[in-house]
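Working notes, beginning with the structure itself.
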Amino acid sequence: MSRNRRYAVNVEWTGNLGEGTAGYRSYCRATQVSGESKETISGSADPAFRGDASAWNPEELLVAALSQCHLLSYLHVCAVNDVVVTAYTDSAEGTMTQVEGSARFTEVVLRPQVTVASASMVERAERLHVEANAACFIARSVNFPVLHQPTIRVAT
């Protein structure tokens, strides 16, 4: 049995305005991202690169993937370490920096706000973010730091 997993998506460029890529300003950066049995999402470039601000850009999707992967890894490590999480939100932010005429991510900061069932779980809940980061497949696949600034609250 293979241990490899494959993830298939379809990305279609829908921005041909009639001239194709005849010039830098002659085409739209619109895309459609789809997958089997999944809702299609609209994509584009970042507005700084002539993209549509109302559509998801690859940079935002990368930050979202890191945030969601951490969330799912964190819920798992909490469940197996007797920390009951009752709510979780994250305001994640990635930083790209110009490097040698191009840009690259230099870090992503996750700011999870976690609610746990009791005060006795707060310290463990905070520590488990390190374990969750180590377990997150996507964080382990990028070549920049994924930092965590968690806030832990107790359910009332």
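Every chain in the structure tokens takes a letter, A first, then B, and so on in the order presented; its residues are numbered from 1, and the ligands are numbered from 1 following the presented order.
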
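Residues lying within 12 Å of Ser37 (chain A), counting only C-alpha atoms and ignoring same-chain neighbours fewer than 4 positions away, are Ala8, Val9 and Asn10 of chain A.
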
Give me a file of those residues, with C-alpha atoms, as a PDB file, in the first residue's frame.
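Saved file part_18.pdb follows:
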ATOM      1  CA  ALA A   8      -5.699  17.021  -7.634  1.00  0.00           C
ATOM      2  CA  VAL A   9      -7.049  20.439  -8.493  1.00  0.00           C
ATOM      3  CA  ASN A  10      -7.929  22.091 -11.754  1.00  0.00           C
TER       4      ASN A  10
END

TODO: For Ser118 (chain A), work out the shell of residues within 12 Å, counting only C-alpha atoms and skipping chain neighbours fewer than 5 positions away, then give it as a ChimeraX atom specification.
DONE: /A:82-86,123-125,152-156

Using N, CA and C atoms, can you export the residues from the last selection as a PDB file, in the first residue's frame?
ATOM      1  N   ASP A  82      -5.982  15.661  26.034  1.00  0.00           N
ATOM      2  CA  ASP A  82      -7.041  16.013  26.987  1.00  0.00           C
ATOM      3  C   ASP A  82      -7.235  17.514  27.163  1.00  0.00           C
ATOM      4  N   VAL A  83      -7.102  18.258  26.082  1.00  0.00           N
ATOM      5  CA  VAL A  83      -7.437  19.678  26.081  1.00  0.00           C
ATOM      6  C   VAL A  83      -8.688  19.827  25.231  1.00  0.00           C
ATOM      7  N   VAL A  84      -9.757  20.305  25.856  1.00  0.00           N
ATOM      8  CA  VAL A  84     -11.034  20.436  25.159  1.00  0.00           C
ATOM      9  C   VAL A  84     -11.141  21.847  24.574  1.00  0.00           C
ATOM     10  N   VAL A  85     -11.040  21.933  23.261  1.00  0.00           N
ATOM     11  CA  VAL A  85     -11.180  23.208  22.555  1.00  0.00           C
ATOM     12  C   VAL A  85     -12.652  23.378  22.201  1.00  0.00           C
ATOM     13  N   THR A  86     -13.207  24.527  22.541  1.00  0.00           N
ATOM     14  CA  THR A  86     -14.621  24.778  22.231  1.00  0.00           C
ATOM     15  C   THR A  86     -14.804  25.827  21.138  1.00  0.00           C
ATOM     16  N   GLU A 123      -2.435  26.234  30.076  1.00  0.00           N
ATOM     17  CA  GLU A 123      -0.993  26.084  29.862  1.00  0.00           C
ATOM     18  C   GLU A 123      -0.706  25.022  28.798  1.00  0.00           C
ATOM     19  N   ARG A 124      -1.356  23.876  28.897  1.00  0.00           N
ATOM     20  CA  ARG A 124      -1.166  22.827  27.886  1.00  0.00           C
ATOM     21  C   ARG A 124      -1.626  23.300  26.524  1.00  0.00           C
ATOM     22  N   ALA A 125      -2.759  24.010  26.495  1.00  0.00           N
ATOM     23  CA  ALA A 125      -3.293  24.504  25.223  1.00  0.00           C
ATOM     24  C   ALA A 125      -2.297  25.421  24.525  1.00  0.00           C
ATOM     25  N   ILE A 152      -5.197  32.232  24.489  1.00  0.00           N
ATOM     26  CA  ILE A 152      -6.015  31.154  25.034  1.00  0.00           C
ATOM     27  C   ILE A 152      -7.008  31.754  26.025  1.00  0.00           C
ATOM     28  N   ARG A 153      -8.262  31.413  25.838  1.00  0.00           N
ATOM     29  CA  ARG A 153      -9.326  31.859  26.737  1.00  0.00           C
ATOM     30  C   ARG A 153     -10.026  30.644  27.344  1.00  0.00           C
ATOM     31  N   VAL A 154     -10.732  30.908  28.431  1.00  0.00           N
ATOM     32  CA  VAL A 154     -11.506  29.848  29.084  1.00  0.00           C
ATOM     33  C   VAL A 154     -12.974  30.095  28.792  1.00  0.00           C
ATOM     34  N   ALA A 155     -13.678  29.053  28.416  1.00  0.00           N
ATOM     35  CA  ALA A 155     -15.118  29.164  28.134  1.00  0.00           C
ATOM     36  C   ALA A 155     -15.855  29.629  29.381  1.00  0.00           C
ATOM     37  N   THR A 156     -16.848  30.467  29.172  1.00  0.00           N
ATOM     38  CA  THR A 156     -17.624  30.958  30.307  1.00  0.00           C
ATOM     39  C   THR A 156     -18.988  30.303  30.366  1.00  0.00           C
TER      40      THR A 156
END

Task: Pairwise distance for CA of Tyr88 (chain A) and CA of Val130 (chain A), rounded to one decimal in Å - done: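 So the two atoms, CA of Tyr88 (chain A) and CA of Val130 (chain A), lie 16.2 Å apart.
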
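Using only C-alpha atoms, the smallest distance between any of A:Val142, A:Ala48, A:Ile41, A:Ala65 and Arg104 (chain A) comes from A:Val142.
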
- [ ] Take CA of Glu131 (chain A) and CA of Tyr74 (chain A) and report the distance between them in Å, one decimal.
- [x] 7.7 Å
